[in-house]
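A.B. asks: This is the structure I want to talk about, given as structure tokens.
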Amino acid sequence: HVLFVDELMRTKKLQKGGSVVYIASFAARGEPSIGAGRPPIETGSEEEFKSVADGSKFTESSPYTDFYGAVKLMGALWTMSMARKHTNMRFLTVDPGMARGTQGTATLPFFQKVLTNTVMAVMQGIGRAHSVDVGAKRYCDILLDDSTYKSGVWYGSKKGLTGEMADQVTHWDLIGNESAQDAANSAIHQFL
């Protein structure tokens, strides 16, 4: 994603007024209501983000969500750094929320797929998840409504994993830390 955007900018195919939307995940900020912890980012330094990118931050016993969440966090922080550097374009991040109906379970073993799909149906039934259409609408809203959704912000559920959207900095101060944003951007670019 980062390399693609850099090339679009370099070749002037992404110009003044253009928009870049990065798709995040609640795994990048954690969600206590479902027992999902934050990624294991302690300082938000460039060295720490480089250790995420090269894998040395993790052990073989690290849960998948540590890898996934940390990488998704880096991408979200990258958009915020880029928004400050390129004020004539829009860089936004959006979390589609807990969306039932995606193909996320397609490759799971049969019983795990049935269990996960059943849990998602229950979550939607009790208002803790929403349809894939609601998640997709978030993408469209972020991209098309530039009067409501401002550049340099990571939008996602204000509370929990569904419902009204808000700036995700309310979930974790690190998200708003400009030094961490720039460190993530710099670390990513060292691998391109």
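Residues are named by chain letter and number: chains run A, B, ... in the order of the structure tokens, numbers start at 1 in each chain, and ligands are numbered from 1 in the order shown.
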Which region 77-129 of chain A residues have any atom within 12 Å of an atom of region 28-37 of chain A, and for each, what is the nearest pair of atoms with distance in Å to one decimal, counting only C-alpha atoms, rows sorted by chain and number, as JSON lines?

C.D. replies:
{"residue": "A:Leu77", "atom": "CA", "partner": "A:Ala28", "partner_atom": "CA", "distance": 10.1}
{"residue": "A:Thr93", "atom": "CA", "partner": "A:Ala28", "partner_atom": "CA", "distance": 11.5}
{"residue": "A:Val94", "atom": "CA", "partner": "A:Ala28", "partner_atom": "CA", "distance": 11.4}
{"residue": "A:Asp95", "atom": "CA", "partner": "A:Ala28", "partner_atom": "CA", "distance": 9.5}
{"residue": "A:Gly97", "atom": "CA", "partner": "A:Glu31", "partner_atom": "CA", "distance": 10.9}
{"residue": "A:Met98", "atom": "CA", "partner": "A:Ile34", "partner_atom": "CA", "distance": 10.8}
{"residue": "A:Val119", "atom": "CA", "partner": "A:Ile34", "partner_atom": "CA", "distance": 12.0}
{"residue": "A:Met123", "atom": "CA", "partner": "A:Ile34", "partner_atom": "CA", "distance": 10.5}
{"residue": "A:Arg128", "atom": "CA", "partner": "A:Ser33", "partner_atom": "CA", "distance": 9.3}
{"residue": "A:Ala129", "atom": "CA", "partner": "A:Ile34", "partner_atom": "CA", "distance": 11.3}

A.B. asks: Selected residues, N, CA and C atoms, written as a CSV table (one decimal), in the first residue's frame, please.

C.D. replies:
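part_35.csv written:
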chain,number,residue,atom,x,y,z
A,77,LEU,N,-0.8,4.7,11.4
A,77,LEU,CA,0.1,5.8,11.8
A,77,LEU,C,0.7,6.4,10.6
A,93,THR,N,-7.8,6.8,7.6
A,93,THR,CA,-7.8,5.4,8.0
A,93,THR,C,-9.2,5.1,8.5
A,94,VAL,N,-9.8,4.0,8.1
A,94,VAL,CA,-11.1,3.6,8.6
A,94,VAL,C,-11.1,2.1,9.0
A,95,ASP,N,-11.7,1.8,10.1
A,95,ASP,CA,-12.0,0.5,10.5
A,95,ASP,C,-13.4,0.1,10.2
A,97,GLY,N,-15.2,-2.0,11.3
A,97,GLY,CA,-16.0,-2.6,12.4
A,97,GLY,C,-16.2,-4.1,12.4
A,98,MET,N,-16.9,-4.6,13.3
A,98,MET,CA,-17.1,-6.0,13.4
A,98,MET,C,-18.2,-6.4,12.4
A,119,VAL,N,-21.0,-17.6,16.0
A,119,VAL,CA,-20.7,-16.5,16.9
A,119,VAL,C,-21.0,-15.1,16.3
A,123,MET,N,-23.4,-12.3,17.7
A,123,MET,CA,-22.9,-10.9,17.9
A,123,MET,C,-23.7,-9.9,17.2
A,128,ARG,N,-23.6,-6.3,18.7
A,128,ARG,CA,-22.1,-6.2,18.9
A,128,ARG,C,-21.4,-6.3,17.6
A,129,ALA,N,-22.1,-6.5,16.5
A,129,ALA,CA,-21.6,-6.6,15.1
A,129,ALA,C,-22.6,-6.1,14.2

A.B. asks: Hey, what's within 7 Å of region 147-157 of chain A if we count only C-alpha atoms and toss same-chain stuff fewer than 2 positions away? As a ChimeraX atom specification, please?

C.D. replies: /A:76,79-80,83-84,90-97,142,145,159-168

A.B. asks: What does the file look like for those residues with N, CA, C and O atoms, as an mmCIF file, in the first residue's frame?

C.D. replies:
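Below is the file that was written, out.cif:
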data_model
loop_
_atom_site.group_PDB
_atom_site.id
_atom_site.type_symbol
_atom_site.label_atom_id
_atom_site.label_comp_id
_atom_site.auth_asym_id
_atom_site.auth_seq_id
_atom_site.Cartn_x
_atom_site.Cartn_y
_atom_site.Cartn_z
ATOM 1 N N ALA A 76 -1.931 2.614 9.922
ATOM 2 C CA ALA A 76 -2.775 3.736 10.346
ATOM 3 C C ALA A 76 -1.916 4.946 10.719
ATOM 4 O O ALA A 76 -2.225 6.086 10.333
ATOM 5 N N THR A 79 -0.649 6.840 7.671
ATOM 6 C CA THR A 79 -1.572 7.795 7.032
ATOM 7 C C THR A 79 -1.581 9.128 7.767
ATOM 8 O O THR A 79 -1.670 10.183 7.145
ATOM 9 N N MET A 80 -1.472 9.080 9.087
ATOM 10 C CA MET A 80 -1.486 10.325 9.862
ATOM 11 C C MET A 80 -0.226 11.143 9.611
ATOM 12 O O MET A 80 -0.279 12.370 9.487
ATOM 13 N N ALA A 83 -0.542 12.668 6.160
ATOM 14 C CA ALA A 83 -1.513 13.767 6.133
ATOM 15 C C ALA A 83 -0.855 15.087 6.550
ATOM 16 O O ALA A 83 -1.153 16.141 5.981
ATOM 17 N N ARG A 84 0.049 15.020 7.523
ATOM 18 C CA ARG A 84 0.744 16.233 7.958
ATOM 19 C C ARG A 84 1.762 16.696 6.915
ATOM 20 O O ARG A 84 2.019 17.882 6.777
ATOM 21 N N ARG A 90 -5.767 14.083 0.939
ATOM 22 C CA ARG A 90 -6.427 13.488 2.102
ATOM 23 C C ARG A 90 -5.857 12.094 2.346
ATOM 24 O O ARG A 90 -5.835 11.271 1.441
ATOM 25 N N PHE A 91 -5.418 11.866 3.578
ATOM 26 C CA PHE A 91 -4.963 10.548 4.024
ATOM 27 C C PHE A 91 -5.812 10.181 5.224
ATOM 28 O O PHE A 91 -5.780 10.871 6.249
ATOM 29 N N LEU A 92 -6.601 9.120 5.099
ATOM 30 C CA LEU A 92 -7.503 8.708 6.160
ATOM 31 C C LEU A 92 -7.376 7.221 6.422
ATOM 32 O O LEU A 92 -6.961 6.463 5.552
ATOM 33 N N THR A 93 -7.775 6.832 7.603
ATOM 34 C CA THR A 93 -7.835 5.423 7.966
ATOM 35 C C THR A 93 -9.240 5.138 8.453
ATOM 36 O O THR A 93 -9.829 5.953 9.163
ATOM 37 N N VAL A 94 -9.764 3.974 8.086
ATOM 38 C CA VAL A 94 -11.090 3.576 8.554
ATOM 39 C C VAL A 94 -11.057 2.108 8.969
ATOM 40 O O VAL A 94 -10.408 1.282 8.342
ATOM 41 N N ASP A 95 -11.737 1.842 10.057
ATOM 42 C CA ASP A 95 -11.954 0.473 10.531
ATOM 43 C C ASP A 95 -13.398 0.130 10.186
ATOM 44 O O ASP A 95 -14.314 0.824 10.622
ATOM 45 N N PRO A 96 -13.622 -0.925 9.391
ATOM 46 C CA PRO A 96 -14.997 -1.259 9.009
ATOM 47 C C PRO A 96 -15.850 -1.767 10.166
ATOM 48 O O PRO A 96 -17.059 -1.879 10.036
ATOM 49 N N GLY A 97 -15.236 -2.043 11.300
ATOM 50 C CA GLY A 97 -15.994 -2.557 12.445
ATOM 51 C C GLY A 97 -16.155 -4.066 12.366
ATOM 52 O O GLY A 97 -15.624 -4.727 11.480
ATOM 53 N N ILE A 142 -16.205 7.687 4.295
ATOM 54 C CA ILE A 142 -14.880 8.263 4.514
ATOM 55 C C ILE A 142 -14.329 8.874 3.231
ATOM 56 O O ILE A 142 -13.772 9.968 3.231
ATOM 57 N N ASP A 145 -17.215 11.919 1.836
ATOM 58 C CA ASP A 145 -17.680 13.021 2.687
ATOM 59 C C ASP A 145 -16.496 13.724 3.342
ATOM 60 O O ASP A 145 -16.178 13.489 4.502
ATOM 61 N N LYS A 159 -17.451 3.406 20.278
ATOM 62 C CA LYS A 159 -17.485 2.488 21.414
ATOM 63 C C LYS A 159 -17.717 1.086 20.863
ATOM 64 O O LYS A 159 -18.573 0.887 20.011
ATOM 65 N N GLY A 160 -16.961 0.134 21.345
ATOM 66 C CA GLY A 160 -17.143 -1.234 20.879
ATOM 67 C C GLY A 160 -16.699 -1.400 19.445
ATOM 68 O O GLY A 160 -15.718 -0.797 19.008
ATOM 69 N N LEU A 161 -17.454 -2.185 18.685
ATOM 70 C CA LEU A 161 -17.049 -2.539 17.322
ATOM 71 C C LEU A 161 -18.095 -2.218 16.273
ATOM 72 O O LEU A 161 -18.006 -2.662 15.130
ATOM 73 N N THR A 162 -19.100 -1.454 16.659
ATOM 74 C CA THR A 162 -20.152 -1.068 15.732
ATOM 75 C C THR A 162 -20.710 0.274 16.190
ATOM 76 O O THR A 162 -20.304 0.806 17.216
ATOM 77 N N GLY A 163 -21.624 0.833 15.419
ATOM 78 C CA GLY A 163 -22.248 2.098 15.812
ATOM 79 C C GLY A 163 -21.513 3.312 15.277
ATOM 80 O O GLY A 163 -20.738 3.229 14.324
ATOM 81 N N GLU A 164 -21.750 4.438 15.921
ATOM 82 C CA GLU A 164 -21.210 5.726 15.501
ATOM 83 C C GLU A 164 -19.683 5.683 15.389
ATOM 84 O O GLU A 164 -19.010 5.074 16.211
ATOM 85 N N MET A 165 -19.172 6.382 14.363
ATOM 86 C CA MET A 165 -17.716 6.434 14.188
ATOM 87 C C MET A 165 -17.129 7.674 14.853
ATOM 88 O O MET A 165 -17.781 8.717 14.953
ATOM 89 N N ALA A 166 -15.873 7.524 15.298
ATOM 90 C CA ALA A 166 -15.143 8.624 15.931
ATOM 91 C C ALA A 166 -13.649 8.420 15.709
ATOM 92 O O ALA A 166 -13.203 7.351 15.281
ATOM 93 N N ASP A 167 -12.884 9.440 16.048
ATOM 94 C CA ASP A 167 -11.426 9.374 15.989
ATOM 95 C C ASP A 167 -10.945 8.322 16.983
ATOM 96 O O ASP A 167 -11.303 8.347 18.155
ATOM 97 N N GLN A 168 -10.113 7.401 16.521
ATOM 98 C CA GLN A 168 -9.661 6.289 17.357
ATOM 99 C C GLN A 168 -8.622 6.685 18.399
ATOM 100 O O GLN A 168 -8.273 5.892 19.269
#

A.B. asks: Going by DSSP on the backbone, which bits of chain A are strand (DSSP E or B)? Write them as a list in words, please.

C.D. replies: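 Strand (DSSP E or B) assignments inside chain A correspond to Ser19, Val20, Val21, Tyr22, Ile23, Glu31, Ala36, Arg90, Phe91, Leu92, Thr93, Val94, Ala99, Arg100, His130, Ser131, Trp154, Tyr155, Gly156, Ser157, Met165, Ala166 and Asp167 of chain A.
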
A.B. asks: I'd like to know which of A:Leu73, A:Phe111, A:Gly101, A:Lys137 is closest to Gly44 (chain A), using only C-alpha atoms.

C.D. replies: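 Closest residue, counting only C-alpha atoms: A:Leu73.
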
A.B. asks: With only C-alpha atoms as the atoms that count, which of A:His86, A:His189, A:His130, A:Lys158 lies nearest to Gln15 (chain A)?

C.D. replies: A:His86

A.B. asks: Hey, what does DSSP flag as helix (DSSP H, G or I) within region 77-108 of chain A? Can you give it to me as a short mmCIF file (atom, residue, chain, number, x, y, z; two decimals) with C-alpha atoms, in the first residue's frame?

C.D. replies:
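Below is the file result24.cif, written as the result:
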data_model
loop_
_atom_site.label_atom_id
_atom_site.label_comp_id
_atom_site.auth_asym_id
_atom_site.auth_seq_id
_atom_site.Cartn_x
_atom_site.Cartn_y
_atom_site.Cartn_z
CA LEU A 77 0.06 5.80 11.83
CA TRP A 78 1.59 6.10 8.34
CA THR A 79 -1.57 7.80 7.03
CA MET A 80 -1.49 10.33 9.86
CA SER A 81 2.17 11.14 9.20
CA MET A 82 1.48 11.50 5.49
CA ALA A 83 -1.51 13.77 6.13
CA ARG A 84 0.74 16.23 7.96
CA LYS A 85 3.39 16.09 5.21
#

A.B. asks: Which value, in Å to one decimal, gives the distance between CA of Lys16 (chain A) and CA of Phe4 (chain A)?

C.D. replies: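 If I compute the distance from CA of Lys16 (chain A) to CA of Phe4 (chain A), I get 16.8 Å.
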